[in-house]
$ cat protein_21.cif   # mmCIF, C-alpha atoms
data_protein
#
loop_
_atom_site.label_atom_id
_atom_site.label_comp_id
_atom_site.auth_asym_id
_atom_site.auth_seq_id
_atom_site.Cartn_x
_atom_site.Cartn_y
_atom_site.Cartn_z
CA MET A 1 -10.43 11.30 27.35
CA LYS A 2 -7.92 11.28 24.50
CA LYS A 3 -5.23 8.61 24.55
CA LYS A 4 -1.91 10.18 25.57
CA THR A 5 1.04 10.07 23.20
CA ILE A 6 4.28 10.19 25.16
CA GLY A 7 7.65 10.74 23.53
CA PHE A 8 10.00 8.60 25.60
CA ALA A 9 13.60 9.70 25.13
CA MET A 10 16.51 7.68 26.53
CA THR A 11 20.05 8.98 27.03
CA GLY A 12 23.18 7.15 28.17
CA SER A 13 22.77 6.38 31.87
CA PHE A 14 23.00 2.69 31.00
CA CYS A 15 22.75 1.39 34.58
CA THR A 16 19.16 2.70 34.75
CA PHE A 17 17.88 1.15 31.51
CA GLU A 18 16.14 -1.83 33.15
CA ARG A 19 14.18 0.50 35.42
CA VAL A 20 13.33 2.75 32.48
CA LEU A 21 12.10 -0.20 30.38
CA ARG A 22 9.77 -1.20 33.24
CA VAL A 23 8.31 2.30 33.24
CA MET A 24 7.85 2.17 29.49
CA ARG A 25 5.95 -1.15 29.86
CA THR A 26 3.77 0.36 32.60
CA LEU A 27 2.85 3.31 30.40
CA VAL A 28 1.89 1.01 27.53
CA GLU A 29 -0.20 -1.11 29.92
CA GLN A 30 -1.95 2.09 31.05
CA GLY A 31 -2.94 2.79 27.45
CA CYS A 32 -0.33 5.37 26.46
CA ASP A 33 1.00 5.47 22.94
CA ILE A 34 4.81 5.63 23.27
CA LEU A 35 7.04 7.23 20.65
CA PRO A 36 10.57 5.93 21.43
CA ILE A 37 13.55 8.25 20.98
CA MET A 38 17.18 7.45 21.78
CA SER A 39 20.37 9.48 21.82
CA ASP A 40 23.26 8.29 19.68
CA ASN A 41 24.97 6.78 22.73
CA ALA A 42 21.84 5.08 24.08
CA TYR A 43 21.06 3.68 20.63
CA GLY A 44 24.51 2.49 19.65
CA THR A 45 26.65 1.76 22.71
CA SER A 46 26.96 -1.71 24.21
CA THR A 47 27.98 -1.80 27.87
CA ARG A 48 28.16 -4.25 30.77
CA PHE A 49 24.47 -3.43 31.25
CA GLY A 50 23.52 -4.82 27.83
CA ARG A 51 24.13 -4.93 24.12
CA ALA A 52 22.84 -1.89 22.26
CA GLU A 53 20.95 -4.02 19.74
CA HIS A 54 19.19 -5.91 22.52
CA ILE A 55 18.09 -2.68 24.26
CA VAL A 56 16.76 -1.27 20.98
CA GLU A 57 14.90 -4.53 20.29
CA GLN A 58 13.29 -4.38 23.74
CA VAL A 59 12.21 -0.75 23.29
CA GLU A 60 10.71 -1.52 19.89
CA ALA A 61 8.95 -4.64 21.20
CA ILE A 62 7.44 -2.71 24.13
CA THR A 63 6.29 0.26 22.04
CA GLY A 64 5.52 -1.44 18.73
CA LYS A 65 7.42 1.37 16.97
CA SER A 66 10.84 1.93 15.46
CA VAL A 67 13.15 4.05 17.59
CA ILE A 68 13.72 7.62 16.46
CA HIS A 69 17.51 7.81 16.51
CA THR A 70 18.54 10.60 14.15
CA ILE A 71 18.17 14.38 14.31
CA PRO A 72 16.10 14.56 11.08
CA GLN A 73 13.68 11.94 12.49
CA ALA A 74 13.27 13.95 15.72
CA GLU A 75 12.86 17.44 14.22
CA PRO A 76 9.17 17.12 13.16
CA ILE A 77 7.98 15.99 16.61
CA GLY A 78 6.92 19.49 17.66
CA PRO A 79 5.66 20.98 14.40
CA ARG A 80 3.53 17.89 13.73
CA GLY A 81 2.24 17.83 17.32
CA MET A 82 3.31 14.21 17.65
CA CYS A 83 3.46 14.11 21.49
CA ASP A 84 1.39 15.37 24.39
CA LEU A 85 4.55 15.27 26.50
CA ILE A 86 8.16 14.14 26.15
CA VAL A 87 9.84 12.26 28.99
CA VAL A 88 13.65 12.16 29.00
CA ALA A 89 14.51 9.12 31.11
CA PRO A 90 17.25 8.70 31.98
CA CYS A 91 18.43 12.29 31.54
CA THR A 92 22.20 12.42 31.95
CA GLY A 93 24.32 15.36 33.10
CA ASN A 94 25.54 15.71 29.52
CA THR A 95 21.98 16.05 28.24
CA LEU A 96 21.07 18.46 31.06
CA SER A 97 23.97 20.72 30.06
CA LYS A 98 23.03 20.66 26.39
CA LEU A 99 19.38 21.41 27.11
CA SER A 100 20.24 24.27 29.48
CA LEU A 101 22.49 25.87 26.85
CA GLY A 102 20.24 25.22 23.84
CA ILE A 103 22.62 22.76 22.18
CA THR A 104 20.80 20.56 19.70
CA ASP A 105 23.21 17.88 18.52
CA THR A 106 21.46 14.60 19.39
CA PRO A 107 18.06 13.12 18.54
CA VAL A 108 16.97 13.65 22.17
CA THR A 109 17.99 17.31 22.37
CA MET A 110 16.32 17.90 18.98
CA ALA A 111 13.11 16.20 20.17
CA VAL A 112 13.06 18.39 23.29
CA LYS A 113 13.77 21.57 21.30
CA SER A 114 11.03 20.62 18.84
CA GLN A 115 8.55 19.99 21.67
CA LEU A 116 9.39 23.26 23.46
CA ARG A 117 9.06 25.13 20.18
CA ILE A 118 5.30 24.54 20.29
CA GLY A 119 4.99 25.23 24.03
CA ALA A 120 4.43 21.58 24.95
CA PRO A 121 5.76 19.98 28.17
CA VAL A 122 8.97 18.05 28.75
CA LEU A 123 9.55 15.91 31.86
CA LEU A 124 13.17 15.18 32.86
CA ALA A 125 14.12 12.12 34.93
CA VAL A 126 17.66 12.94 36.07
CA ALA A 127 20.32 10.25 36.50
CA THR A 128 23.77 11.73 36.91
CA ASN A 129 26.72 11.40 39.27
CA ASP A 130 27.39 15.16 39.18
CA ALA A 131 23.88 16.57 39.81
CA LEU A 132 25.02 18.32 43.00
CA GLY A 133 28.30 19.32 41.35
CA ALA A 134 28.89 20.54 37.81
CA SER A 135 25.32 19.76 36.68
CA ALA A 136 23.67 21.69 39.53
CA GLN A 137 23.77 24.97 37.59
CA ASN A 138 22.11 23.30 34.60
CA ILE A 139 19.37 21.79 36.74
CA GLY A 140 18.75 25.22 38.25
CA ARG A 141 18.60 26.87 34.84
CA LEU A 142 16.18 24.21 33.54
CA MET A 143 13.96 24.47 36.63
CA ASN A 144 13.45 28.08 35.60
CA THR A 145 12.62 27.18 31.98
CA LYS A 146 9.00 27.29 30.86
CA ASN A 147 7.46 23.88 30.06
CA ILE A 148 10.33 21.87 31.58
CA TYR A 149 9.47 19.75 34.63
CA PHE A 150 11.39 17.28 36.79
CA VAL A 151 10.57 13.84 38.15
CA PRO A 152 11.29 13.95 41.92
CA MET A 153 14.86 12.83 42.62
CA SER A 154 17.11 11.89 45.51
CA GLN A 155 20.69 10.96 46.32
CA ASP A 156 21.21 7.31 45.40
CA ASP A 157 24.44 6.74 47.36
CA PRO A 158 25.39 9.77 49.51
CA GLU A 159 28.44 8.08 51.02
CA ARG A 160 30.22 6.89 47.87
CA LYS A 161 28.67 9.32 45.36
CA PRO A 162 27.83 12.51 47.29
CA SER A 163 27.01 14.57 44.17
CA SER A 164 24.79 11.95 42.51
CA LEU A 165 21.01 12.26 42.06
CA VAL A 166 18.62 9.77 40.47
CA ALA A 167 14.97 10.34 39.66
CA SER A 168 12.24 8.16 41.15
CA PHE A 169 11.60 6.43 37.82
CA GLU A 170 8.61 4.50 39.17
CA ARG A 171 6.85 7.84 39.69
CA ILE A 172 7.02 8.80 36.00
CA PRO A 173 3.43 7.68 35.15
CA ALA A 174 1.97 9.75 38.00
CA CYS A 175 4.27 12.66 37.14
CA ILE A 176 3.01 12.64 33.54
CA ASP A 177 -0.58 13.02 34.76
CA GLN A 178 0.44 15.75 37.18
CA VAL A 179 2.44 17.73 34.62
CA LEU A 180 -0.39 17.54 32.09
CA SER A 181 -2.93 18.82 34.61
CA HIS A 182 -1.18 20.86 37.33
CA GLY A 183 2.52 21.38 36.71
CA GLN A 184 5.65 20.43 38.62
CA PRO A 185 5.40 17.31 40.85
CA MET A 186 6.50 18.16 44.38
CA PRO A 187 8.71 17.85 46.27
CA VAL A 188 11.43 17.90 43.63
CA LEU A 189 14.08 16.63 46.05
CA THR A 190 13.07 13.66 48.19
CA GLY A 191 14.77 11.89 51.12
#
$ encode --input "protein_21.cif" --output "structure tokens"
Amino acid sequence: MKKKTIGFAMTGSFCTFERVLRVMRTLVEQGCDILPIMSDNAYGTSTRFGRAEHIVEQVEAITGKSVIHTIPQAEPIGPRGMCDLIVVAPCTGNTLSKLSLGITDTPVTMAVKSQLRIGAPVLLAVATNDALGASAQNIGRLMNTKNIYFVPMSQDDPERKPSSLVASFERIPACIDQVLSHGQPMPVLTG
């Protein structure tokens, strides 16, 4: 079987980065070739969850590749057939809205557009505090979009954040296999 090349695109849900980096390591350990992609905010914003430079260094150390962090770098991903699948993890509400409306103004949205252009799959791992609020319409629209799939997700804190959903990041490796062979991992919403 051919070694899988996974585009791994990170957007700005900074509190999930440690979990996402663990998934990236797991995929590399499983033999996947990872092409790292980061939005402008993920690539350049330091937060209480870490310095931007340190996060970029970790991603590049895990993958052995430089991060794609500009729109021109991301544009050839589809036409050159660079990825079997693109994972967007974490996928913020902002990115969901841009993808649902066809807005291509970040390296991540360009990578997704480029991948969809050739009819190749994209797997979204949602992490947003407004998934059951303002972002719900965008999730619905994307669930009805050909070649877009979702990592199963659940409410992370129903009492304090009743509109928030977070993907089960640890399920991403299994979801990749499922998307590449059968389609949408089910159930989409978990308890």
$ resolve_selection --input "protein_21.cif" --expression "the PyMOL selection byres ((chain A and resi 150) around 8)" --output "VMD selection string"
chain A and resid 123 to 126 143 148 to 149 151 to 152 184 to 185 188
$ closest_residue --input "protein_21.cif" --among "A:Ala42, A:Thr11, A:His69, A:Leu85" --to "Leu180 (chain A)" --atoms "only C-alpha atoms"
A:Leu85
$ atom_distance --input "protein_21.cif" --atom1 "CA of Ser168 (chain A)" --atom2 "CA of Ala52 (chain A)"
23.9 Å
$ residues_around --input "protein_21.cif" --residues "region 59-64 of chain A" --least-positions-apart "3" --cutoff "12 Å" --atoms "only C-alpha atoms" --output "NGL selection string"
:A and (5-10 or 17-18 or 20-29 or 31-38 or 42-43 or 52-56 or 67-68)
$ closest_residue --input "protein_21.cif" --among "A:Asp156, A:Asp130, A:Asp40, A:Asp177" --to "Leu189 (chain A)" --atoms "only C-alpha atoms"
A:Asp156
$ closest_residue --input "protein_21.cif" --among "A:Gly78, A:Cys15, A:Gly93, A:Lys65" --to "Phe49 (chain A)" --atoms "all atoms listed in the file"
A:Cys15
$ resolve_selection --input "protein_21.cif" --expression "the PyMOL selection byres ((chain A and resi 108-118) around 10)" --output "PDB file with C-alpha atoms, in the coordinates of the input"
ATOM      1  CA  GLY A   7       7.650  10.740  23.530  1.00  0.00           C
ATOM      2  CA  PHE A   8      10.000   8.600  25.600  1.00  0.00           C
ATOM      3  CA  ALA A   9      13.600   9.700  25.130  1.00  0.00           C
ATOM      4  CA  MET A  10      16.510   7.680  26.530  1.00  0.00           C
ATOM      5  CA  THR A  11      20.050   8.980  27.030  1.00  0.00           C
ATOM      6  CA  ILE A  37      13.550   8.250  20.980  1.00  0.00           C
ATOM      7  CA  MET A  38      17.180   7.450  21.780  1.00  0.00           C
ATOM      8  CA  SER A  39      20.370   9.480  21.820  1.00  0.00           C
ATOM      9  CA  ASP A  40      23.260   8.290  19.680  1.00  0.00           C
ATOM     10  CA  ILE A  68      13.720   7.620  16.460  1.00  0.00           C
ATOM     11  CA  HIS A  69      17.510   7.810  16.510  1.00  0.00           C
ATOM     12  CA  THR A  70      18.540  10.600  14.150  1.00  0.00           C
ATOM     13  CA  ILE A  71      18.170  14.380  14.310  1.00  0.00           C
ATOM     14  CA  PRO A  72      16.100  14.560  11.080  1.00  0.00           C
ATOM     15  CA  GLN A  73      13.680  11.940  12.490  1.00  0.00           C
ATOM     16  CA  ALA A  74      13.270  13.950  15.720  1.00  0.00           C
ATOM     17  CA  GLU A  75      12.860  17.440  14.220  1.00  0.00           C
ATOM     18  CA  PRO A  76       9.170  17.120  13.160  1.00  0.00           C
ATOM     19  CA  ILE A  77       7.980  15.990  16.610  1.00  0.00           C
ATOM     20  CA  GLY A  78       6.920  19.490  17.660  1.00  0.00           C
ATOM     21  CA  PRO A  79       5.660  20.980  14.400  1.00  0.00           C
ATOM     22  CA  ARG A  80       3.530  17.890  13.730  1.00  0.00           C
ATOM     23  CA  GLY A  81       2.240  17.830  17.320  1.00  0.00           C
ATOM     24  CA  MET A  82       3.310  14.210  17.650  1.00  0.00           C
ATOM     25  CA  CYS A  83       3.460  14.110  21.490  1.00  0.00           C
ATOM     26  CA  ASP A  84       1.390  15.370  24.390  1.00  0.00           C
ATOM     27  CA  LEU A  85       4.550  15.270  26.500  1.00  0.00           C
ATOM     28  CA  ILE A  86       8.160  14.140  26.150  1.00  0.00           C
ATOM     29  CA  VAL A  87       9.840  12.260  28.990  1.00  0.00           C
ATOM     30  CA  VAL A  88      13.650  12.160  29.000  1.00  0.00           C
ATOM     31  CA  CYS A  91      18.430  12.290  31.540  1.00  0.00           C
ATOM     32  CA  THR A  95      21.980  16.050  28.240  1.00  0.00           C
ATOM     33  CA  LEU A  96      21.070  18.460  31.060  1.00  0.00           C
ATOM     34  CA  LYS A  98      23.030  20.660  26.390  1.00  0.00           C
ATOM     35  CA  LEU A  99      19.380  21.410  27.110  1.00  0.00           C
ATOM     36  CA  GLY A 102      20.240  25.220  23.840  1.00  0.00           C
ATOM     37  CA  ILE A 103      22.620  22.760  22.180  1.00  0.00           C
ATOM     38  CA  THR A 104      20.800  20.560  19.700  1.00  0.00           C
ATOM     39  CA  ASP A 105      23.210  17.880  18.520  1.00  0.00           C
ATOM     40  CA  THR A 106      21.460  14.600  19.390  1.00  0.00           C
ATOM     41  CA  PRO A 107      18.060  13.120  18.540  1.00  0.00           C
ATOM     42  CA  GLY A 119       4.990  25.230  24.030  1.00  0.00           C
ATOM     43  CA  ALA A 120       4.430  21.580  24.950  1.00  0.00           C
ATOM     44  CA  PRO A 121       5.760  19.980  28.170  1.00  0.00           C
ATOM     45  CA  VAL A 122       8.970  18.050  28.750  1.00  0.00           C
ATOM     46  CA  LEU A 123       9.550  15.910  31.860  1.00  0.00           C
ATOM     47  CA  THR A 145      12.620  27.180  31.980  1.00  0.00           C
ATOM     48  CA  LYS A 146       9.000  27.290  30.860  1.00  0.00           C
ATOM     49  CA  ASN A 147       7.460  23.880  30.060  1.00  0.00           C
ATOM     50  CA  ILE A 148      10.330  21.870  31.580  1.00  0.00           C
TER      51      ILE A 148
END
$ atom_distance --input "protein_21.cif" --atom1 "CA of Gly133 (chain A)" --atom2 "CA of Leu165 (chain A)"
10.2 Å
$ atom_distance --input "protein_21.cif" --atom1 "CA of Gly44 (chain A)" --atom2 "CA of Pro90 (chain A)"
15.6 Å
$ closest_residue --input "protein_21.cif" --among "A:Gly12, A:Ala89, A:Gly140, A:Thr47" --to "Glu170 (chain A)" --atoms "all atoms listed in the file"
A:Ala89
$ residues_near_point --input "protein_21.cif" --point "(29.0, 19.0, 35.3)" --cutoff "12 Å" --atoms "all atoms listed in the file" --output "list in words"
Thr92, Gly93, Asn94, Thr95, Leu96, Ser97, Lys98, Ser100, Thr128, Asn129, Asp130, Ala131, Leu132, Gly133, Ala134, Ser135, Ala136, Gln137, Asn138, Ile139, Ser163 and Ser164 of chain A
